[in-house]
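Novice: Below is the file structure_32.txt, with compact mmCIF, C-alpha atoms.
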# COMPACT_ATOMS: atom_id res chain seq x y z
CA MET A 1 21.88 -2.79 41.20
CA ALA A 2 22.53 -6.53 41.05
CA THR A 3 19.37 -7.18 43.04
CA ARG A 4 17.33 -5.02 40.65
CA ARG A 5 18.69 -6.85 37.60
CA ALA A 6 17.95 -10.20 39.22
CA ALA A 7 14.39 -9.12 40.02
CA THR A 8 13.87 -7.86 36.48
CA ALA A 9 15.17 -11.13 35.03
CA ALA A 10 12.87 -13.11 37.34
CA LEU A 11 9.84 -11.08 36.22
CA ARG A 12 10.73 -11.60 32.57
CA ARG A 13 11.11 -15.34 33.09
CA LEU A 14 7.74 -15.43 34.84
CA ALA A 15 6.03 -13.43 32.08
CA PHE A 16 7.46 -15.47 29.22
CA GLY A 17 7.14 -18.98 30.55
CA GLY A 18 10.53 -19.41 32.19
CA ARG A 19 12.52 -17.96 29.30
CA ALA A 20 13.68 -14.36 29.30
CA PRO A 21 13.33 -13.07 25.72
CA ALA A 22 15.90 -10.97 23.98
CA LEU A 23 14.55 -7.52 23.34
CA PRO A 24 13.66 -6.75 19.71
CA ARG A 25 15.61 -4.24 17.73
CA ARG A 26 14.89 -0.75 18.89
CA THR A 27 13.88 0.53 15.48
CA ARG A 28 11.11 -2.01 15.13
CA THR A 29 9.62 -1.46 18.58
CA ASP A 30 9.92 2.31 18.35
CA ALA A 31 8.34 2.35 14.91
CA ALA A 32 5.34 0.40 16.14
CA LEU A 33 4.79 2.87 18.98
CA ALA A 34 5.86 6.14 17.42
CA ILE A 35 3.59 6.23 14.40
CA PRO A 36 0.31 6.18 16.36
CA ALA A 37 1.90 8.69 18.76
CA ARG A 38 2.36 11.10 15.86
CA ALA A 39 -1.34 10.81 15.14
CA LEU A 40 -2.08 11.68 18.78
CA ALA A 41 -1.10 15.32 18.27
CA PHE A 42 -3.18 15.39 15.10
CA ALA A 43 -6.23 13.98 16.84
CA SER A 44 -5.95 16.35 19.80
CA SER A 45 -6.18 19.49 17.65
CA SER A 46 -9.77 19.96 16.54
CA SER A 47 -10.73 21.79 13.38
CA SER A 48 -12.27 25.24 13.56
CA SER A 49 -14.43 24.44 10.56
CA SER A 50 -17.96 23.18 10.94
CA SER A 51 -17.15 20.41 8.46
CA SER A 52 -15.78 17.03 9.39
CA SER A 53 -12.81 16.77 11.74
CA ALA A 54 -10.13 14.11 11.71
CA THR A 55 -11.08 13.16 15.26
CA GLU A 56 -14.24 11.62 13.85
CA PHE A 57 -12.09 8.93 12.27
CA LEU A 58 -9.08 8.54 14.61
CA ASP A 59 -8.89 6.20 17.58
CA VAL A 60 -5.33 6.76 18.75
CA GLU A 61 -5.63 5.04 22.12
CA ALA A 62 -6.77 1.79 20.53
CA ALA A 63 -3.97 2.02 17.97
CA GLN A 64 -1.39 2.56 20.71
CA GLU A 65 -2.73 -0.41 22.65
CA ARG A 66 -2.46 -2.60 19.54
CA ALA A 67 1.07 -1.30 18.99
CA ARG A 68 2.09 -2.19 22.54
CA ALA A 69 0.60 -5.67 22.19
CA ARG A 70 2.34 -6.09 18.84
CA ALA A 71 5.68 -4.97 20.30
CA ALA A 72 5.32 -7.49 23.14
CA ALA A 73 4.50 -10.25 20.67
CA LEU A 74 7.51 -9.32 18.56
CA ALA A 75 9.72 -9.46 21.64
CA ALA A 76 8.56 -13.00 22.42
CA LYS A 77 8.88 -14.03 18.77
CA ASN A 78 12.36 -12.57 18.44
CA ALA A 79 13.47 -14.48 21.52
CA LYS A 80 12.38 -17.69 19.82
CA ASP A 81 13.59 -17.27 16.24
CA ASP A 82 15.76 -14.14 16.30
CA GLY A 83 13.30 -11.99 14.37
CA GLY A 84 12.87 -14.24 11.33
CA MET A 85 9.22 -13.19 10.97
CA PHE A 86 10.20 -9.90 9.34
CA VAL A 87 9.93 -10.08 5.57
CA PHE A 88 10.24 -6.35 4.88
CA ASP A 89 12.18 -3.62 6.63
CA ARG A 90 9.51 -0.99 7.23
CA ALA A 91 12.11 1.73 7.84
CA VAL A 92 13.53 1.06 4.38
CA VAL A 93 10.01 1.14 2.90
CA ALA A 94 9.48 4.60 4.40
CA ALA A 95 12.91 5.77 3.19
CA HIS A 96 12.15 4.61 -0.36
CA ARG A 97 8.87 6.52 -0.32
CA ASP A 98 10.62 9.60 1.06
CA ARG A 99 13.08 9.45 -1.84
CA ALA A 100 10.28 8.91 -4.34
CA ALA A 101 8.39 11.94 -3.00
CA TYR A 102 11.48 14.12 -3.43
CA ALA A 103 12.19 12.76 -6.93
CA ARG A 104 8.64 13.38 -8.10
CA ALA A 105 8.41 16.84 -6.56
CA THR A 106 11.71 17.96 -8.11
CA HIS A 107 11.46 16.21 -11.48
CA PRO A 108 12.97 18.35 -14.28
CA SER A 109 9.79 18.08 -16.35
CA ASN A 110 7.73 19.61 -13.51
CA ASP A 111 5.31 16.72 -14.03
CA PRO A 112 5.03 14.53 -10.90
CA THR A 113 2.64 12.11 -12.61
CA ASP A 114 3.73 8.49 -12.81
CA PRO A 115 1.93 6.76 -15.72
CA LEU A 116 2.04 3.28 -14.22
CA LEU A 117 0.69 4.30 -10.81
CA GLU A 118 -1.96 6.46 -12.48
CA GLU A 119 -3.09 3.52 -14.62
CA ILE A 120 -3.22 1.13 -11.66
CA ALA A 121 -5.19 3.66 -9.61
CA ARG A 122 -7.62 4.15 -12.49
CA ARG A 123 -8.16 0.42 -12.93
CA THR A 124 -8.61 -0.01 -9.19
CA LEU A 125 -11.28 2.69 -8.96
CA ASP A 126 -12.99 1.31 -12.08
CA ARG A 127 -14.13 -1.50 -9.81
CA LEU A 128 -15.60 1.06 -7.44
CA ALA A 129 -17.59 2.54 -10.33
CA ASP A 130 -19.21 -0.88 -10.89
CA VAL A 131 -20.99 -0.58 -7.53
CA LYS A 132 -24.18 1.48 -7.84
CA ARG A 133 -24.14 3.16 -4.45
CA ALA A 134 -22.61 6.20 -2.77
CA PHE A 135 -19.40 6.12 -0.73
CA PRO A 136 -19.18 9.49 1.05
CA ARG A 137 -16.29 8.58 3.41
CA VAL A 138 -13.13 7.09 1.88
CA LEU A 139 -9.95 5.81 3.54
CA VAL A 140 -6.88 5.76 1.25
CA LEU A 141 -3.95 3.57 2.33
CA GLY A 142 -0.53 4.66 1.02
CA GLY A 143 0.77 3.49 -2.33
CA ALA A 144 -0.56 5.55 -5.25
CA SER A 145 -2.43 7.83 -2.85
CA ASP A 146 -1.92 11.01 -4.88
CA ALA A 147 -3.39 9.37 -7.99
CA VAL A 148 -6.31 7.92 -6.01
CA VAL A 149 -7.12 11.30 -4.43
CA GLY A 150 -7.03 13.00 -7.83
CA LEU A 151 -9.37 10.44 -9.38
CA LEU A 152 -11.79 10.63 -6.45
CA MET A 153 -11.93 14.42 -6.74
CA ARG A 154 -12.46 14.31 -10.49
CA GLU A 155 -14.80 11.34 -10.91
CA ARG A 156 -16.69 10.72 -7.65
CA ALA A 157 -19.30 13.37 -6.88
CA ASP A 158 -20.53 11.32 -3.89
CA VAL A 159 -17.27 11.60 -1.93
CA GLU A 160 -17.47 14.05 0.99
CA THR A 161 -14.49 13.08 3.17
CA VAL A 162 -11.15 11.47 2.31
CA VAL A 163 -8.67 10.21 4.95
CA VAL A 164 -5.19 9.61 3.52
CA THR A 165 -2.63 7.58 5.47
CA ASP A 166 1.01 6.88 4.65
CA VAL A 167 4.06 5.51 6.43
CA SER A 168 6.14 8.27 4.78
CA MET A 169 5.65 11.83 5.96
CA ASP A 170 7.33 13.21 2.83
CA MET A 171 4.96 11.28 0.57
CA LEU A 172 2.03 12.51 2.67
CA LYS A 173 3.22 16.10 2.14
CA PHE A 174 3.63 15.44 -1.58
CA THR A 175 0.08 14.06 -1.84
CA ARG A 176 -1.30 17.06 0.03
CA ALA A 177 0.63 19.56 -2.08
CA ARG A 178 -0.45 17.91 -5.32
CA ALA A 179 -4.10 17.96 -4.26
CA ALA A 180 -3.83 21.66 -3.39
CA ALA A 181 -2.23 22.40 -6.76
CA SER A 182 -4.87 20.45 -8.70
CA PHE A 183 -8.10 21.63 -7.06
CA PRO A 184 -9.27 25.01 -5.78
CA ALA A 185 -9.67 25.67 -2.08
CA ALA A 186 -13.13 26.06 -0.59
CA GLY A 187 -14.11 29.15 1.38
CA ASP A 188 -11.57 31.67 2.62
CA GLY A 189 -8.59 29.36 3.02
CA ASP A 190 -4.97 30.34 2.54
CA GLY A 191 -4.76 28.92 -0.96
CA ASP A 192 -4.42 25.23 -0.22
CA GLY A 193 -7.64 24.57 1.67
CA ASP A 194 -6.29 25.01 5.23
CA ASP A 195 -8.26 26.41 8.11
CA ASP A 196 -6.76 29.82 8.86
CA GLU A 197 -7.29 29.46 12.61
CA ARG A 198 -5.61 26.11 12.81
CA ASP A 199 -1.85 25.65 13.07
CA GLU A 200 -0.05 22.57 11.88
CA PRO A 201 -0.11 19.92 14.63
CA ALA A 202 3.24 19.24 16.22
CA GLY A 203 4.98 15.92 15.92
CA GLY A 204 3.38 14.35 12.89
CA SER A 205 0.33 14.52 10.69
CA LEU A 206 -0.67 17.42 8.48
CA PRO A 207 -3.54 19.94 8.69
CA SER A 208 -6.74 19.04 6.93
CA GLN A 209 -7.89 20.60 3.66
CA THR A 210 -11.24 21.54 2.18
CA LEU A 211 -11.04 21.51 -1.61
CA LEU A 212 -13.62 21.71 -4.38
CA ASN A 213 -14.06 18.67 -6.59
CA LYS A 214 -14.84 18.80 -10.30
CA GLU A 215 -18.53 19.43 -9.58
CA GLY A 216 -17.69 22.38 -7.33
CA ASP A 217 -18.69 20.56 -4.13
CA PRO A 218 -16.46 20.78 -1.03
CA VAL A 219 -14.49 17.69 -0.04
CA ARG A 220 -12.73 17.44 3.31
CA LEU A 221 -9.28 15.78 3.19
CA HIS A 222 -7.41 14.57 6.27
CA TYR A 223 -3.76 13.42 6.24
CA VAL A 224 -2.60 10.93 8.88
CA HIS A 225 0.98 9.72 9.26
CA ALA A 226 0.43 6.08 10.20
CA ASP A 227 1.56 2.53 9.50
CA GLU A 228 -0.85 0.35 7.53
CA GLU A 229 -0.20 -2.45 10.01
CA CYS A 230 -1.44 -0.36 12.95
CA LEU A 231 -4.07 2.06 11.70
CA PRO A 232 -5.29 4.68 14.22
CA ILE A 233 -8.73 4.78 12.55
CA LYS A 234 -11.94 4.26 14.49
CA PRO A 235 -14.03 1.17 13.74
CA ASN A 236 -17.11 1.61 11.55
CA SER A 237 -16.03 5.10 10.47
CA VAL A 238 -15.55 4.86 6.66
CA ASP A 239 -17.60 3.47 3.79
CA VAL A 240 -14.79 2.24 1.55
CA VAL A 241 -11.09 1.50 1.92
CA VAL A 242 -8.93 1.98 -1.18
CA ALA A 243 -5.37 0.63 -1.10
CA ALA A 244 -3.75 1.02 -4.53
CA CYS A 245 -0.23 -0.47 -4.38
CA GLY A 246 -0.03 0.17 -0.65
CA LEU A 247 -0.25 -3.20 1.10
CA HIS A 248 2.34 -5.42 -0.58
CA TRP A 249 5.03 -4.06 1.78
CA ALA A 250 3.15 -5.13 4.95
CA ASN A 251 4.78 -7.81 7.09
CA ASP A 252 1.46 -8.76 8.67
CA LEU A 253 -0.74 -8.54 5.60
CA PRO A 254 -3.71 -10.47 7.11
CA GLY A 255 -3.53 -8.22 10.16
CA ALA A 256 -3.40 -5.05 8.05
CA MET A 257 -6.38 -6.19 6.01
CA THR A 258 -8.28 -7.09 9.17
CA ARG A 259 -7.66 -3.61 10.58
CA ALA A 260 -8.86 -2.11 7.30
CA ARG A 261 -12.03 -4.21 7.46
CA GLU A 262 -12.66 -3.07 11.05
CA THR A 263 -12.64 0.58 9.95
CA LEU A 264 -15.50 -0.12 7.52
CA THR A 265 -19.15 0.38 8.31
CA PRO A 266 -21.35 -2.73 7.96
CA ASP A 267 -21.58 -3.66 4.29
CA GLY A 268 -18.57 -1.42 3.52
CA LEU A 269 -16.24 -2.10 0.60
CA PHE A 270 -12.56 -3.03 0.74
CA LEU A 271 -10.75 -2.44 -2.55
CA ALA A 272 -7.03 -3.12 -2.95
CA SER A 273 -4.45 -3.67 -5.65
CA VAL A 274 -0.99 -5.09 -5.00
CA PHE A 275 1.93 -6.10 -7.18
CA GLY A 276 1.93 -9.86 -7.77
CA GLY A 277 4.69 -12.43 -7.83
CA GLU A 278 5.27 -12.17 -11.59
CA THR A 279 6.20 -8.49 -11.29
CA MET A 280 9.67 -7.80 -12.74
CA ARG A 281 10.31 -11.47 -13.42
CA GLU A 282 12.73 -10.37 -16.13
CA MET A 283 14.84 -8.55 -13.55
CA ARG A 284 14.93 -11.64 -11.33
CA ILE A 285 16.20 -13.77 -14.19
CA ALA A 286 18.76 -11.20 -15.36
CA CYS A 287 20.10 -10.70 -11.82
CA ALA A 288 20.49 -14.43 -11.35
CA VAL A 289 22.37 -14.77 -14.65
CA GLY A 290 24.62 -11.76 -13.98
CA GLU A 291 25.50 -12.77 -10.42
CA LEU A 292 26.18 -16.37 -11.38
CA GLU A 293 28.52 -15.17 -14.10
CA ARG A 294 30.48 -12.64 -12.04
CA GLU A 295 30.15 -13.86 -8.43
CA GLY A 296 29.29 -17.55 -8.66
CA GLY A 297 26.09 -17.25 -6.62
CA VAL A 298 22.64 -15.68 -6.45
CA SER A 299 21.22 -13.19 -3.93
CA GLN A 300 17.79 -11.66 -3.52
CA ARG A 301 17.56 -8.50 -5.63
CA VAL A 302 13.77 -8.28 -6.04
CA SER A 303 11.39 -8.31 -3.09
CA PRO A 304 9.05 -11.28 -2.61
CA LEU A 305 5.45 -10.56 -3.57
CA ALA A 306 2.04 -12.21 -3.19
CA ARG A 307 0.70 -14.92 -5.49
CA VAL A 308 -2.76 -15.05 -7.01
CA ARG A 309 -3.75 -18.13 -5.03
CA ASP A 310 -2.96 -16.34 -1.76
CA CYS A 311 -5.30 -13.38 -2.24
CA GLY A 312 -8.59 -15.22 -1.74
CA ASN A 313 -7.29 -16.75 1.49
CA LEU A 314 -6.14 -13.32 2.69
CA LEU A 315 -9.59 -11.83 2.15
CA THR A 316 -11.25 -14.71 3.99
CA ARG A 317 -8.79 -14.55 6.89
CA ALA A 318 -9.46 -10.82 7.21
CA GLY A 319 -13.17 -11.51 7.71
CA MET A 320 -14.32 -10.22 4.31
CA THR A 321 -17.45 -11.52 2.66
CA LEU A 322 -18.04 -11.98 -1.08
CA PRO A 323 -14.27 -12.05 -1.83
CA ALA A 324 -13.19 -11.58 -5.45
CA VAL A 325 -9.73 -11.56 -7.02
CA ASP A 326 -8.65 -10.76 -10.57
CA VAL A 327 -5.35 -10.09 -12.31
CA ASP A 328 -3.90 -7.62 -14.78
CA THR A 329 -0.53 -7.93 -16.49
CA LEU A 330 0.98 -4.67 -17.68
CA THR A 331 4.08 -4.55 -19.88
CA MET A 332 6.21 -1.41 -19.82
CA ARG A 333 8.97 -0.52 -22.30
CA TYR A 334 12.17 1.32 -21.39
CA PRO A 335 15.15 2.58 -23.41
CA ASN A 336 17.53 0.58 -21.20
CA VAL A 337 17.79 -1.20 -17.86
CA MET A 338 18.92 1.92 -15.98
CA LYS A 339 15.71 3.72 -16.98
CA LEU A 340 13.75 0.80 -15.56
CA ILE A 341 15.64 1.03 -12.26
CA ASP A 342 15.10 4.80 -12.16
CA HIS A 343 11.37 4.27 -12.66
CA VAL A 344 11.21 1.73 -9.83
CA ARG A 345 12.90 4.25 -7.53
CA PHE A 346 10.60 6.99 -8.82
CA MET A 347 7.63 4.91 -7.65
CA GLY A 348 9.25 4.11 -4.29
CA GLU A 349 9.18 0.38 -5.06
CA GLY A 350 12.83 -0.53 -4.43
CA ASN A 351 13.80 -3.76 -2.73
CA ALA A 352 12.90 -3.49 0.96
CA SER A 353 13.34 -7.14 1.90
CA ALA A 354 14.83 -7.63 5.36
CA SER A 355 17.07 -10.39 3.94
CA ARG A 356 18.32 -8.32 0.99
CA ARG A 357 22.04 -8.24 0.32
CA PRO A 358 23.49 -5.08 1.93
CA GLY A 359 25.43 -2.54 -0.07
CA PRO A 360 25.33 -1.55 -3.73
CA VAL A 361 25.68 -3.97 -6.63
CA ARG A 362 29.23 -4.40 -7.86
CA ARG A 363 30.01 -2.52 -11.03
CA GLY A 364 30.94 -5.65 -12.98
CA THR A 365 27.84 -7.48 -11.77
CA ALA A 366 25.63 -4.54 -12.73
CA ALA A 367 27.10 -4.52 -16.24
CA ALA A 368 26.53 -8.26 -16.57
CA VAL A 369 22.92 -7.92 -15.37
CA ALA A 370 22.24 -5.10 -17.82
CA ALA A 371 23.73 -7.08 -20.70
CA ALA A 372 21.76 -10.22 -19.80
CA TYR A 373 18.54 -8.24 -19.48
CA ALA A 374 18.95 -6.48 -22.83
CA THR A 375 19.81 -9.75 -24.57
CA MET A 376 17.00 -11.89 -23.14
CA PHE A 377 14.17 -9.36 -22.89
CA PRO A 378 14.40 -6.81 -25.72
CA ALA A 379 11.35 -4.64 -26.32
CA VAL A 380 11.84 -4.99 -30.09
CA GLU A 381 12.85 -8.56 -30.91
CA ASN A 382 13.90 -7.96 -34.51
CA GLU A 383 16.24 -5.06 -33.72
CA SER A 384 19.90 -6.04 -34.15
CA ASP A 385 21.11 -3.06 -32.09
CA LEU A 386 20.24 -3.85 -28.47
CA GLU A 387 20.53 -0.21 -27.43
CA LYS A 388 17.84 0.77 -29.94
CA ALA A 389 15.67 -2.21 -29.09
CA GLY A 390 15.22 -1.19 -25.45
CA VAL A 391 13.88 -3.55 -22.79
CA GLU A 392 10.49 -4.53 -21.44
CA ALA A 393 9.31 -5.21 -17.89
CA THR A 394 6.25 -7.05 -16.61
CA PHE A 395 4.12 -5.70 -13.77
CA GLN A 396 1.49 -8.11 -12.47
CA VAL A 397 -1.30 -6.39 -10.52
CA LEU A 398 -3.64 -8.36 -8.26
CA TYR A 399 -6.99 -6.75 -7.43
CA MET A 400 -8.80 -7.79 -4.26
CA THR A 401 -12.40 -6.91 -3.45
CA GLY A 402 -14.27 -7.78 -0.27
CA TRP A 403 -17.10 -6.52 1.91
CA SER A 404 -17.44 -6.09 5.63
CA PRO A 405 -20.23 -8.25 7.03
CA GLY A 406 -23.65 -6.58 7.08
CA GLU A 407 -27.35 -7.27 6.93
CA GLY A 408 -28.97 -7.79 3.55
CA GLN A 409 -25.83 -8.92 1.75
CA GLN A 410 -26.00 -11.50 -0.99
CA VAL A 411 -25.11 -15.00 0.11
CA ALA A 412 -23.51 -17.58 -2.13
CA SER A 413 -25.68 -20.59 -2.88
CA GLU A 414 -24.74 -23.90 -1.38
CA ARG A 415 -22.40 -26.05 -3.37
CA GLY A 416 -24.27 -28.48 -5.62
CA SER A 417 -27.51 -26.48 -5.62
CA ALA A 418 -27.20 -25.30 -9.24
CA GLY A 419 -29.94 -26.44 -11.62
CA VAL A 420 -27.77 -26.32 -14.77
CA SER A 421 -24.35 -27.93 -15.21
CA LEU A 422 -21.44 -26.22 -16.92
CA SER A 423 -21.54 -28.77 -19.76
CA GLN A 424 -25.20 -27.92 -20.43
CA LEU A 425 -24.37 -24.22 -20.37
CA GLU A 426 -21.58 -24.82 -22.88
CA GLN A 427 -23.96 -26.71 -25.18
CA GLU A 428 -26.49 -23.87 -25.08
CA LEU A 429 -23.79 -21.30 -25.82
CA GLU A 430 -22.73 -23.27 -28.91
CA LYS A 431 -26.24 -22.80 -30.30
CA VAL A 432 -25.92 -19.02 -30.24
CA PRO A 433 -25.23 -17.84 -33.82
CA GLU A 434 -21.99 -16.00 -34.52
CA PRO A 435 -22.36 -12.26 -35.08
CA PRO A 436 -22.07 -11.16 -38.71
Spell out the structure here as structure tokens.

Specialist:
Amino acid sequence: MATRRAATAALRRLAFGGRAPALPRRTRTDAALAIPARALAFASSSSSSSSSSATEFLDVEAAQERARARAAALAAKNAKDDGGMFVFDRAVVAAHRDRAAYARATHPSNDPTDPLLEEIARRTLDRLADVKRAFPRVLVLGGASDAVVGLLMRERADVETVVVTDVSMDMLKFTRARAAASFPAAGDGDGDGDDDERDEPAGGSLPSQTLLNKEGDPVRLHYVHADEECLPIKPNSVDVVVAACGLHWANDLPGAMTRARETLTPDGLFLASVFGGETMREMRIACAVGELEREGGVSQRVSPLARVRDCGNLLTRAGMTLPAVDVDTLTMRYPNVMKLIDHVRFMGEGNASASRRPGPVRRGTAAAVAAAYATMFPAVENESDLEKAGVEATFQVLYMTGWSPGEGQQVASERGSAGVSLSQLEQELEKVPEPP
């Protein structure tokens, strides 16, 4: 036994440059390997329908190989800096989405629609409508996937196949159930678009559906339980990737975007929206004030998010061409702070930072935070009664658009090649008469 341990230690030292790394936490390594493994059972069961099968889009072996390489890299990195590269706890992200799926499915109003996610999904797909071409194969990455699927079925007659991925199996089931309840099944299915001869694959992803869109045309929907950071999707297999509020929880965001770009056909479109750094700035301020008052210090209560200036670099690093970034700022009003917190949980957007303070907020601190929030950020400024005034919250949404490289794409002109300066353009615009 001692000889075996010595030999193992010697091999580890040889493989890692003379330093035997500490193994990473089991949850992280297992998560990286288990999610593509779940898709393996899904890929191995072929559809009995003559329409598209999920195996046309899945490349599980390549995803598993990337997961093994990523796990080895994490092991070496953890040995060096004790795992400091993790910004978000992906297990917590999945748990938050599981809870959100349950809350939305069992809401007392029987209405699972979230107005904020629906609005963000609509604004994201508005950018898709600006492109005058067809996108028959669509990959949807987590986030507001149920809203995106609904909009694609209602507004995009060109869509023939939709592949939905999510790190949360419960949210994947919720998305599938909502699609089945919103659109009729095609053919002789069992009521939700399933193939009668096909059983649910064991160990992970869900059976495919064939539903009729608003025009009455069949659309094939596949549901894959997978991590956005290690997609088991074949290269050059989809025409557009839509990620509405699904990528801001990725630890390796450039890597996730690169994988998304690899799934695109040449001249395919990548379209994403993420929450920006100004999201819930009021909550950050109120938490800092409340904790300073009651505990004498400040801890991280809101997850870190991307900044506008980072998005263009992310698109370029991912190998996208013609990158474009724009910003929306949405302001929501709530009766009180607790309703705001309930809404954040309803969306599955709770704090999943790996460095978050463990345990619940102290009762006195929570009261101080609520009081500070209501005082500093009332929804109605002239209302003397803070309870009637309510509170407001800011949600900054960053939209990123990029294209996979392809022949015939537009190319930006060289810098300095313009024939008209901005000052000349401004002078010409001043000559335009004002409308009556």

Novice: Using all atoms listed in the file, what does the table of range 116-234 of chain A residues within 12 Å of range 389-406 of chain A look like, with each row giving the shortest atom pair and its distance in Å to one decimal, sorted by chain and ascending number, as CSV?

Specialist:
residue,atom,partner,partner_atom,distance
A:Leu116,CA,A:Phe395,CA,9.2
A:Leu117,CA,A:Val397,CA,10.9
A:Glu119,CA,A:Val397,CA,10.9
A:Ile120,CA,A:Val397,CA,7.8
A:Ala121,CA,A:Tyr399,CA,10.8
A:Arg123,CA,A:Tyr399,CA,9.1
A:Thr124,CA,A:Tyr399,CA,7.2
A:Leu125,CA,A:Tyr399,CA,10.5
A:Asp126,CA,A:Tyr399,CA,11.1
A:Arg127,CA,A:Thr401,CA,8.5
A:Leu128,CA,A:Thr401,CA,9.5
A:Asp130,CA,A:Thr401,CA,11.8
A:Val131,CA,A:Thr401,CA,11.4

Novice: Taking only C-alpha atoms into account, which of A:Arg122, A:Tyr373, A:Leu231, A:Val308 comes nearest Cys287 in chain A?

Specialist: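 Closest to Cys287 in chain A of all the choices is A:Tyr373.
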
Novice: Can you work out the spacing between CA of Thr279 in chain A and CA of Ser109 in chain A in Å, to one decimal?

Specialist: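 Computing the Euclidean distance for CA of Thr279 in chain A and CA of Ser109 in chain A yields 27.3 Å.
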
Novice: Quick one: of A:Leu141, A:Ala286, A:Ala134, A:Val148, who's nearest to Phe270 in chain A, counting all atoms listed in the file?

Specialist: A:Leu141

Novice: Write out as a compact mmCIF listing (two decimals) with C-alpha atoms, in the frame of the given file each polymer residue whose atoms come within 6 Å of Gly143 in chain A, counting only C-alpha atoms; drop sequence neighbours fewer than 3 positions from it.

Specialist:
# COMPACT_ATOMS: atom_id res chain seq x y z
CA ALA A 244 -3.75 1.02 -4.53
CA CYS A 245 -0.23 -0.47 -4.38
CA GLY A 246 -0.03 0.17 -0.65

Novice: Find the residue from A:Leu206, A:Leu305, A:Cys230, A:Met153 that sits nearest to Arg176 in chain A; use all atoms listed in the file when measuring.

Specialist: A:Leu206

Novice: By how many Å are CA of Asp170 in chain A and CA of Arg333 in chain A apart?

Specialist: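 About the pair CA of Asp170 in chain A and CA of Arg333 in chain A: they are 28.7 Å apart.
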
Novice: Quick check, in Å to one decimal: how far apart do CA of Arg317 in chain A and CA of Thr258 in chain A lie?

Specialist: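 Value for the CA of Arg317 in chain A-CA of Thr258 in chain A distance: 7.8 Å.
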
Novice: Give me the residues within 7 Å of Asn213 in chain A as a list of chain:residue names, counting all atoms listed in the file and dropping any in the same chain fewer than 2 places off.

Specialist: A:Met153, A:Arg154, A:Phe183, A:Leu211, A:Glu215, A:Gly216, A:Asp217, A:Pro218, A:Val219

Novice: Considering all atoms listed in the file, state which residue in the set A:Pro235, A:Ala129, A:His96, A:Phe135 is at the smallest distance from Met169 in chain A.

Specialist: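 Checking each of A:Pro235, A:Ala129, A:His96, A:Phe135 against Met169 in chain A, counting all atoms listed in the file, the winner is A:His96.
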
Novice: Nearest to Ala318 in chain A: which of A:Asp252, A:Glu407, A:Asp59, A:Glu118 is it, counting all atoms listed in the file?

Specialist: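 Checking each of A:Asp252, A:Glu407, A:Asp59, A:Glu118 against Ala318 in chain A, counting all atoms listed in the file, the winner is A:Asp252.
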
Novice: So which one's closest to Glu278 in chain A, A:Ala101, A:Val302, A:Ala367, A:Val337? Using only C-alpha atoms, please.

Specialist: A:Val302

Novice: Counting only C-alpha atoms, which residues come within 12 Å of (29.8, -4.8, -12.0), with the point read in the file's coordinates, and could you list them as a count of residues only?

Specialist: 18

Novice: Show me, as number ranges by chain, the residues that have an atom within 7 Å of Lys234 in chain A when counting all atoms listed in the file, minus same-chain residues fewer than 2 positions from it.

Specialist: A: 57-59, 232, 236-237, 263

Novice: When you look at Met171 in chain A with a cut-off of 7 Å (counting all atoms listed in the file), what residues show up, excluding the ones that are within fewer than 2 positions of it in the same chain? I need them as number ranges by chain.

Specialist: A: 97-98, 101, 168-169, 173-175

Novice: Please save C-alpha atoms of the selected residues as a PDB file, keeping the file's coordinate frame.

Specialist:
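Result file is out37.pdb:
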ATOM      1  CA  ARG A  97       8.870   6.520  -0.320  1.00  0.00           C
ATOM      2  CA  ASP A  98      10.620   9.600   1.060  1.00  0.00           C
ATOM      3  CA  ALA A 101       8.390  11.940  -3.000  1.00  0.00           C
ATOM      4  CA  SER A 168       6.140   8.270   4.780  1.00  0.00           C
ATOM      5  CA  MET A 169       5.650  11.830   5.960  1.00  0.00           C
ATOM      6  CA  LYS A 173       3.220  16.100   2.140  1.00  0.00           C
ATOM      7  CA  PHE A 174       3.630  15.440  -1.580  1.00  0.00           C
ATOM      8  CA  THR A 175       0.080  14.060  -1.840  1.00  0.00           C
TER       9      THR A 175
END

Novice: Sort by chain and increasing residue number a table of all residues of range 241-348 of chain A within 12 Å of range 412-428 of chain A, each with its closest pair of atoms and their distance in Å to one decimal, counting only C-alpha atoms, and write it as CSV.

Specialist:
residue,atom,partner,partner_atom,distance
A:Thr321,CA,A:Ala412,CA,9.8
A:Leu322,CA,A:Ala412,CA,7.9
A:Pro323,CA,A:Ala412,CA,10.8

Novice: Mind listing whatever residues come within 7 Å of the point (3.2, -0.8, 5.9)? Use all atoms listed in the file, file coordinates, and give them as a list in words.

Specialist: Arg90, Val167, Asp227, Glu228, Glu229, Leu247, Trp249 and Ala250 of chain A

Novice: List as a list in words the protein and nucleic acid residues near Thr265 in chain A, meaning an atom at most 6 Å away when all atoms listed in the file are counted, but skip any in the same chain fewer than 3 places from it.

Specialist: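 Near Thr265 in chain A, the qualifying residues are Asn236, Val238, Asp239 and Gly268 of chain A.
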